[in-house]
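J.: One file is attached below, protein-v7.cif, containing mmCIF, N, CA and C atoms.
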```cif
data_structure
#
loop_
_atom_site.group_PDB
_atom_site.id
_atom_site.type_symbol
_atom_site.label_atom_id
_atom_site.label_comp_id
_atom_site.auth_asym_id
_atom_site.auth_seq_id
_atom_site.Cartn_x
_atom_site.Cartn_y
_atom_site.Cartn_z
ATOM 1 N N MET A 1093 3.829 -19.177 -3.439
ATOM 2 C CA MET A 1093 2.391 -19.192 -3.602
ATOM 3 C C MET A 1093 2.055 -18.727 -5.012
ATOM 4 N N PRO A 1094 1.178 -19.408 -5.671
ATOM 5 C CA PRO A 1094 0.794 -19.003 -7.027
ATOM 6 C C PRO A 1094 -0.287 -17.903 -7.012
ATOM 7 N N ILE A 1095 0.111 -16.706 -6.641
ATOM 8 C CA ILE A 1095 -0.800 -15.567 -6.656
ATOM 9 C C ILE A 1095 -0.513 -14.784 -7.924
ATOM 10 N N TYR A 1096 -1.555 -14.577 -8.704
ATOM 11 C CA TYR A 1096 -1.407 -13.867 -9.961
ATOM 12 C C TYR A 1096 -2.169 -12.556 -9.916
ATOM 13 N N GLU A 1097 -1.669 -11.589 -10.655
ATOM 14 C CA GLU A 1097 -2.315 -10.291 -10.744
ATOM 15 C C GLU A 1097 -3.049 -10.220 -12.077
ATOM 16 N N PHE A 1098 -4.270 -9.699 -12.021
ATOM 17 C CA PHE A 1098 -5.111 -9.589 -13.208
ATOM 18 C C PHE A 1098 -5.626 -8.161 -13.346
ATOM 19 N N LYS A 1099 -5.932 -7.777 -14.598
ATOM 20 C CA LYS A 1099 -6.549 -6.487 -14.868
ATOM 21 C C LYS A 1099 -7.817 -6.731 -15.672
ATOM 22 N N CYS A 1100 -8.905 -6.145 -15.195
ATOM 23 C CA CYS A 1100 -10.187 -6.287 -15.876
ATOM 24 C C CYS A 1100 -10.197 -5.393 -17.115
ATOM 25 N N GLN A 1101 -10.563 -5.966 -18.235
ATOM 26 C CA GLN A 1101 -10.622 -5.189 -19.476
ATOM 27 C C GLN A 1101 -11.877 -4.315 -19.526
ATOM 28 N N ALA A 1102 -12.880 -4.655 -18.728
ATOM 29 C CA ALA A 1102 -14.134 -3.893 -18.735
ATOM 30 C C ALA A 1102 -14.050 -2.629 -17.880
ATOM 31 N N CYS A 1103 -13.484 -2.757 -16.649
ATOM 32 C CA CYS A 1103 -13.481 -1.598 -15.737
ATOM 33 C C CYS A 1103 -12.085 -1.151 -15.325
ATOM 34 N N ALA A 1104 -11.036 -1.819 -15.788
ATOM 35 C CA ALA A 1104 -9.633 -1.497 -15.513
ATOM 36 C C ALA A 1104 -9.224 -1.738 -14.058
ATOM 37 N N HIS A 1105 -10.051 -2.455 -13.305
ATOM 38 C CA HIS A 1105 -9.712 -2.802 -11.921
ATOM 39 C C HIS A 1105 -8.589 -3.839 -11.927
ATOM 40 N N THR A 1106 -7.583 -3.651 -11.062
ATOM 41 C CA THR A 1106 -6.483 -4.607 -10.935
ATOM 42 C C THR A 1106 -6.678 -5.375 -9.636
ATOM 43 N N PHE A 1107 -6.535 -6.690 -9.688
ATOM 44 C CA PHE A 1107 -6.735 -7.516 -8.500
ATOM 45 C C PHE A 1107 -5.821 -8.733 -8.548
ATOM 46 N N GLU A 1108 -5.666 -9.367 -7.394
ATOM 47 C CA GLU A 1108 -4.849 -10.573 -7.283
ATOM 48 C C GLU A 1108 -5.752 -11.753 -6.987
ATOM 49 N N GLU A 1109 -5.323 -12.916 -7.442
ATOM 50 C CA GLU A 1109 -6.089 -14.127 -7.149
ATOM 51 C C GLU A 1109 -5.130 -15.294 -6.977
ATOM 52 N N LEU A 1110 -5.425 -16.105 -5.974
ATOM 53 C CA LEU A 1110 -4.658 -17.318 -5.707
ATOM 54 C C LEU A 1110 -5.168 -18.405 -6.633
ATOM 55 N N ILE A 1111 -4.280 -18.971 -7.434
ATOM 56 C CA ILE A 1111 -4.647 -20.044 -8.365
ATOM 57 C C ILE A 1111 -3.892 -21.298 -7.930
ATOM 58 N N LEU A 1112 -4.612 -22.228 -7.350
ATOM 59 C CA LEU A 1112 -3.995 -23.462 -6.885
ATOM 60 C C LEU A 1112 -4.026 -24.502 -8.004
ATOM 61 N N PRO A 1113 -2.880 -25.056 -8.372
ATOM 62 C CA PRO A 1113 -2.806 -25.970 -9.520
ATOM 63 C C PRO A 1113 -3.526 -27.295 -9.304
ATOM 64 N N TRP A 1114 -3.723 -27.731 -8.086
ATOM 65 C CA TRP A 1114 -4.350 -29.026 -7.870
ATOM 66 C C TRP A 1114 -5.866 -28.926 -7.711
ATOM 67 N N LYS A 1115 -6.390 -27.740 -7.736
ATOM 68 C CA LYS A 1115 -7.840 -27.563 -7.651
ATOM 69 C C LYS A 1115 -8.478 -27.805 -9.016
ATOM 70 N N GLU A 1116 -9.729 -28.216 -8.991
ATOM 71 C CA GLU A 1116 -10.454 -28.451 -10.236
ATOM 72 C C GLU A 1116 -10.614 -27.161 -11.029
ATOM 73 N N ASN A 1117 -10.680 -26.030 -10.333
ATOM 74 C CA ASN A 1117 -10.919 -24.747 -11.002
ATOM 75 C C ASN A 1117 -9.634 -24.005 -11.352
ATOM 76 N N ALA A 1118 -8.513 -24.708 -11.383
ATOM 77 C CA ALA A 1118 -7.239 -24.050 -11.680
ATOM 78 C C ALA A 1118 -7.207 -23.478 -13.087
ATOM 79 N N GLU A 1119 -7.979 -24.071 -13.975
ATOM 80 C CA GLU A 1119 -7.997 -23.619 -15.359
ATOM 81 C C GLU A 1119 -9.069 -22.561 -15.627
ATOM 82 N N ARG A 1120 -9.901 -22.264 -14.640
ATOM 83 C CA ARG A 1120 -10.977 -21.304 -14.858
ATOM 84 C C ARG A 1120 -10.421 -19.880 -14.941
ATOM 85 N N THR A 1121 -11.149 -19.031 -15.634
ATOM 86 C CA THR A 1121 -10.777 -17.629 -15.754
ATOM 87 C C THR A 1121 -11.316 -16.886 -14.545
ATOM 88 N N PRO A 1122 -10.489 -16.103 -13.872
ATOM 89 C CA PRO A 1122 -10.970 -15.343 -12.721
ATOM 90 C C PRO A 1122 -12.030 -14.318 -13.128
ATOM 91 N N VAL A 1123 -12.848 -13.953 -12.169
ATOM 92 C CA VAL A 1123 -13.900 -12.962 -12.373
ATOM 93 C C VAL A 1123 -13.506 -11.697 -11.626
ATOM 94 N N CYS A 1124 -13.701 -10.553 -12.260
ATOM 95 C CA CYS A 1124 -13.369 -9.276 -11.638
ATOM 96 C C CYS A 1124 -14.232 -9.067 -10.391
ATOM 97 N N PRO A 1125 -13.621 -8.829 -9.235
ATOM 98 C CA PRO A 1125 -14.410 -8.621 -8.021
ATOM 99 C C PRO A 1125 -15.156 -7.278 -8.025
ATOM 100 N N SER A 1126 -14.758 -6.376 -8.884
ATOM 101 C CA SER A 1126 -15.387 -5.066 -8.938
ATOM 102 C C SER A 1126 -16.655 -5.055 -9.779
ATOM 103 N N CYS A 1127 -16.577 -5.612 -10.998
ATOM 104 C CA CYS A 1127 -17.731 -5.541 -11.917
ATOM 105 C C CYS A 1127 -18.237 -6.912 -12.351
ATOM 106 N N GLN A 1128 -17.606 -7.978 -11.874
ATOM 107 C CA GLN A 1128 -18.000 -9.361 -12.178
ATOM 108 C C GLN A 1128 -17.758 -9.769 -13.633
ATOM 109 N N ALA A 1129 -16.995 -8.975 -14.383
ATOM 110 C CA ALA A 1129 -16.689 -9.323 -15.776
ATOM 111 C C ALA A 1129 -15.685 -10.473 -15.817
ATOM 112 N N LYS A 1130 -15.750 -11.261 -16.876
ATOM 113 C CA LYS A 1130 -14.824 -12.382 -17.052
ATOM 114 C C LYS A 1130 -13.709 -12.042 -18.034
ATOM 115 N N ASP A 1131 -13.748 -10.849 -18.592
ATOM 116 C CA ASP A 1131 -12.745 -10.420 -19.560
ATOM 117 C C ASP A 1131 -11.560 -9.810 -18.808
ATOM 118 N N VAL A 1132 -10.702 -10.688 -18.262
ATOM 119 C CA VAL A 1132 -9.540 -10.241 -17.492
ATOM 120 C C VAL A 1132 -8.261 -10.701 -18.170
ATOM 121 N N GLU A 1133 -7.197 -9.972 -17.915
ATOM 122 C CA GLU A 1133 -5.901 -10.276 -18.510
ATOM 123 C C GLU A 1133 -4.869 -10.411 -17.402
ATOM 124 N N LYS A 1134 -4.029 -11.436 -17.488
ATOM 125 C CA LYS A 1134 -2.970 -11.618 -16.503
ATOM 126 C C LYS A 1134 -1.933 -10.518 -16.704
ATOM 127 N N VAL A 1135 -1.522 -9.906 -15.598
ATOM 128 C CA VAL A 1135 -0.563 -8.804 -15.629
ATOM 129 C C VAL A 1135 0.772 -9.315 -15.115
ATOM 130 N N LEU A 1136 1.839 -8.847 -15.707
ATOM 131 C CA LEU A 1136 3.170 -9.202 -15.236
ATOM 132 C C LEU A 1136 3.430 -8.445 -13.942
ATOM 133 N N SER A 1137 3.555 -9.165 -12.850
ATOM 134 C CA SER A 1137 3.752 -8.546 -11.544
ATOM 135 C C SER A 1137 5.223 -8.249 -11.306
ATOM 136 N N VAL A 1138 5.471 -7.204 -10.564
ATOM 137 C CA VAL A 1138 6.835 -6.880 -10.163
ATOM 138 C C VAL A 1138 7.072 -7.469 -8.780
ATOM 139 N N PHE A 1139 8.303 -7.671 -8.456
ATOM 140 C CA PHE A 1139 8.623 -8.225 -7.155
ATOM 141 C C PHE A 1139 9.567 -7.281 -6.425
ATOM 142 N N ALA A 1140 9.594 -7.412 -5.115
ATOM 143 C CA ALA A 1140 10.434 -6.557 -4.288
ATOM 144 C C ALA A 1140 11.682 -7.333 -3.873
ATOM 145 N N VAL A 1141 12.796 -6.655 -3.889
ATOM 146 C CA VAL A 1141 14.050 -7.243 -3.445
ATOM 147 C C VAL A 1141 14.504 -6.479 -2.216
ATOM 148 N N LYS A 1142 14.768 -7.202 -1.153
ATOM 149 C CA LYS A 1142 15.234 -6.556 0.068
ATOM 150 C C LYS A 1142 16.693 -6.910 0.284
ATOM 151 N N THR A 1143 17.472 -5.876 0.476
ATOM 152 C CA THR A 1143 18.883 -6.049 0.787
ATOM 153 C C THR A 1143 19.175 -5.194 2.007
ATOM 154 N N ASP A 1144 20.373 -5.291 2.522
ATOM 155 C CA ASP A 1144 20.749 -4.442 3.645
ATOM 156 C C ASP A 1144 20.673 -2.973 3.251
ATOM 157 N N ALA A 1145 21.031 -2.671 2.018
ATOM 158 C CA ALA A 1145 21.004 -1.278 1.556
ATOM 159 C C ALA A 1145 19.575 -0.747 1.470
ATOM 160 N N THR A 1146 18.645 -1.542 0.927
ATOM 161 C CA THR A 1146 17.253 -1.066 0.837
ATOM 162 C C THR A 1146 16.627 -0.976 2.222
ATOM 163 N N ARG A 1147 16.962 -1.909 3.091
ATOM 164 C CA ARG A 1147 16.439 -1.865 4.453
ATOM 165 C C ARG A 1147 16.930 -0.610 5.166
ATOM 166 N N GLN A 1148 18.220 -0.307 5.027
ATOM 167 C CA GLN A 1148 18.790 0.888 5.657
ATOM 168 C C GLN A 1148 18.176 2.154 5.069
ATOM 169 N N SER A 1149 17.972 2.178 3.764
ATOM 170 C CA SER A 1149 17.350 3.330 3.117
ATOM 171 C C SER A 1149 15.930 3.542 3.627
ATOM 172 N N ASN A 1150 15.158 2.457 3.733
ATOM 173 C CA ASN A 1150 13.794 2.549 4.249
ATOM 174 C C ASN A 1150 13.781 3.012 5.700
ATOM 175 N N LEU A 1151 14.728 2.526 6.482
ATOM 176 C CA LEU A 1151 14.833 2.935 7.883
ATOM 177 C C LEU A 1151 15.164 4.423 7.984
ATOM 178 N N ASN A 1152 16.088 4.889 7.164
ATOM 179 C CA ASN A 1152 16.441 6.313 7.170
ATOM 180 C C ASN A 1152 15.256 7.179 6.761
ATOM 181 N N THR A 1153 14.515 6.743 5.766
ATOM 182 C CA THR A 1153 13.323 7.482 5.318
ATOM 183 C C THR A 1153 12.292 7.539 6.434
ATOM 184 N N ALA A 1154 12.070 6.421 7.124
ATOM 185 C CA ALA A 1154 11.104 6.385 8.223
ATOM 186 C C ALA A 1154 11.545 7.278 9.374
ATOM 187 N N ARG A 1155 12.835 7.271 9.687
ATOM 188 C CA ARG A 1155 13.339 8.135 10.764
ATOM 189 C C ARG A 1155 13.167 9.611 10.416
ATOM 190 N N LYS A 1156 13.428 9.947 9.170
ATOM 191 C CA LYS A 1156 13.274 11.333 8.724
ATOM 192 C C LYS A 1156 11.816 11.767 8.841
ATOM 193 N N ALA A 1157 10.906 10.895 8.429
ATOM 194 C CA ALA A 1157 9.476 11.202 8.529
ATOM 195 C C ALA A 1157 9.052 11.345 9.990
ATOM 196 N N ALA A 1158 9.570 10.482 10.857
ATOM 197 C CA ALA A 1158 9.239 10.550 12.283
ATOM 198 C C ALA A 1158 9.756 11.845 12.904
ATOM 199 N N ARG A 1159 10.954 12.274 12.506
ATOM 200 C CA ARG A 1159 11.502 13.541 13.023
ATOM 201 C C ARG A 1159 10.626 14.712 12.597
ATOM 202 N N LYS A 1160 10.178 14.681 11.349
ATOM 203 C CA LYS A 1160 9.329 15.755 10.836
ATOM 204 C C LYS A 1160 8.012 15.809 11.603
ATOM 205 N N ILE A 1161 7.404 14.655 11.835
ATOM 206 C CA ILE A 1161 6.151 14.601 12.585
ATOM 207 C C ILE A 1161 6.352 15.097 14.012
ATOM 208 N N LYS A 1162 7.446 14.691 14.646
ATOM 209 C CA LYS A 1162 7.731 15.140 16.013
ATOM 210 C C LYS A 1162 7.915 16.650 16.047
ATOM 211 N N GLN A 1163 8.635 17.187 15.072
ATOM 212 C CA GLN A 1163 8.852 18.630 15.013
ATOM 213 C C GLN A 1163 7.517 19.363 14.837
ATOM 214 N N GLU A 1164 6.646 18.850 13.983
ATOM 215 C CA GLU A 1164 5.339 19.474 13.781
ATOM 216 C C GLU A 1164 4.496 19.416 15.047
ATOM 217 N N LYS A 1165 4.545 18.280 15.758
ATOM 218 C CA LYS A 1165 3.810 18.156 17.016
ATOM 219 C C LYS A 1165 4.350 19.120 18.060
ATOM 220 N N ASP A 1166 5.670 19.207 18.161
ATOM 221 C CA ASP A 1166 6.288 20.134 19.125
ATOM 222 C C ASP A 1166 5.918 21.574 18.818
ATOM 223 N N THR A 1167 5.925 21.948 17.548
ATOM 224 C CA THR A 1167 5.558 23.305 17.139
ATOM 225 C C THR A 1167 4.105 23.591 17.497
ATOM 226 N N GLU A 1168 3.222 22.645 17.224
ATOM 227 C CA GLU A 1168 1.802 22.825 17.538
ATOM 228 C C GLU A 1168 1.585 22.912 19.048
ATOM 229 N N GLU A 1169 2.313 22.094 19.804
ATOM 230 C CA GLU A 1169 2.203 22.134 21.261
ATOM 231 C C GLU A 1169 2.634 23.499 21.800
ATOM 232 N N GLN A 1170 3.737 24.025 21.285
ATOM 233 C CA GLN A 1170 4.202 25.348 21.718
ATOM 234 C C GLN A 1170 3.173 26.418 21.362
ATOM 235 N N LYS A 1171 2.576 26.302 20.201
ATOM 236 C CA LYS A 1171 1.552 27.242 19.768
ATOM 237 C C LYS A 1171 0.358 27.202 20.724
ATOM 238 N N GLN A 1172 -0.066 25.994 21.091
ATOM 239 C CA GLN A 1172 -1.194 25.843 22.015
ATOM 240 C C GLN A 1172 -0.867 26.432 23.386
ATOM 241 N N ILE A 1173 0.348 26.204 23.853
ATOM 242 C CA ILE A 1173 0.776 26.763 25.146
ATOM 243 C C ILE A 1173 0.749 28.285 25.113
ATOM 244 N N MET A 1174 1.263 28.853 24.040
ATOM 245 C CA MET A 1174 1.295 30.322 23.913
ATOM 246 C C MET A 1174 -0.134 30.877 23.839
ATOM 247 N N GLU A 1175 -1.016 30.239 23.094
ATOM 248 C CA GLU A 1175 -2.396 30.691 22.996
ATOM 249 C C GLU A 1175 -3.106 30.610 24.342
ATOM 250 N N HIS A 1176 -2.860 29.517 25.065
ATOM 251 C CA HIS A 1176 -3.464 29.334 26.372
ATOM 252 C C HIS A 1176 -2.978 30.403 27.353
ATOM 253 N N ALA A 1177 -1.661 30.653 27.317
ATOM 254 C CA ALA A 1177 -1.086 31.663 28.215
ATOM 255 C C ALA A 1177 -1.630 33.045 27.908
ATOM 256 N N SER A 1178 -1.777 33.404 26.629
ATOM 257 C CA SER A 1178 -2.270 34.726 26.274
ATOM 258 C C SER A 1178 -3.755 34.879 26.594
ATOM 259 N N GLU A 1179 -4.526 33.802 26.596
ATOM 260 C CA GLU A 1179 -5.938 33.869 26.927
ATOM 261 C C GLU A 1179 -6.172 34.035 28.435
ATOM 262 N N HIS A 1180 -5.244 33.563 29.239
ATOM 263 C CA HIS A 1180 -5.429 33.580 30.692
ATOM 264 C C HIS A 1180 -4.629 34.672 31.382
ATOM 265 N N HIS A 1181 -4.039 35.609 30.665
ATOM 266 C CA HIS A 1181 -3.297 36.725 31.279
ATOM 267 C C HIS A 1181 -3.717 38.008 30.718
#
```
Represent the structure from my file as structure tokens, please.

T.:
Amino acid sequence: MPIYEFKCQACAHTFEELILPWKENAERTPVCPSCQAKDVEKVLSVFAVKTDATRQSNLNTARKAARKIKQEKDTEEQKQIMEHASEHH
């Protein structure tokens, strides 16, 4: 897909726009959706590469974050139980 990234020179807003080559407006300059300025510059976009190693790394990071959240929830639950018990005895 011919999606290009642009940066507005007036307000520094970065946005993407689909530029279809067979459309009549393929040669038109995009307009900033934030400030409506026409002074935009095409930005060199980076791309993502997915491999088994990056997928495994992302999975490990997500599991670590999930463990941390579970531990925090368990700690808070124990705290609530202790507070409830001390209020009713």

J.: Identify which of the residues A:Glu1097, A:Glu1175, A:Glu1164, A:Glu1109 lies closest to A:Glu1133, counting only C-alpha atoms when measuring atom-to-atom distances.

T.: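 Once distances to A:Glu1133 are computed over only C-alpha atoms, the minimum belongs to A:Glu1097.
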
J.: If I take atom C of A:Cys1100 and atom C of A:Leu1136, how far is one from the other in Å, to one decimal?

T.: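 Spanning atom C of A:Cys1100 to atom C of A:Leu1136 is a straight-line distance of 14.3 Å.
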
J.: Among chain A, which residues does DSSP mark as helix (DSSP H, G or I) when it is run on the backbone? Keep the chain and numbering as in the structure and answer as an MDAnalysis selection string.

T.: chainID A and resid 1116:1119 1144:1179

J.: Determine the residue set returned by the PyMOL selection byres ((chain A and resi 1131) around 8) for the present structure, and present it as a list of chain:residue names.

T.: A:Lys1099, A:Cys1100, A:Gln1101, A:Ala1102, A:Cys1103, A:Thr1121, A:Pro1122, A:Val1123, A:Cys1124, A:Gln1128, A:Ala1129, A:Lys1130, A:Val1132, A:Glu1133, A:Lys1134

J.: May I ask for the distance between atom N of A:Leu1110 and atom N of A:Thr1143, given in Å to one decimal place?

T.: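 Result for atom N of A:Leu1110 versus atom N of A:Thr1143: 25.9 Å, one decimal.
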
J.: Considering only strand (DSSP E or B) as DSSP defines it on the backbone, what residues of stretch 1093-1172 of chain A qualify? List them as a ChimeraX atom specification.

T.: /A:1095-1100,1106-1110,1132-1135

J.: Using only C-alpha atoms, which of the listed residues (A:Pro1094, A:Lys1156, A:Leu1151, A:Lys1162) sits closest to A:Ile1111?

T.: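 When distances to A:Ile1111 are compared using only C-alpha atoms, the smallest one comes from A:Pro1094.
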
J.: Would you mind reading off the distance between atom N of A:Ser1137 and atom C of A:His1105, one decimal, in Å?

T.: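 Between atom N of A:Ser1137 and atom C of A:His1105 the gap is 13.3 Å.
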
J.: Need the axis-aligned box for stretch 1134-1144 of chain A with 6 Å each side, so what are the centre and edges in Å to one decimal, as JSON?

T.:
```
{"center_x": 8.4, "center_y": -7.3, "center_z": -6.9, "size_x": 36.8, "size_y": 20.6, "size_z": 33.1}
```
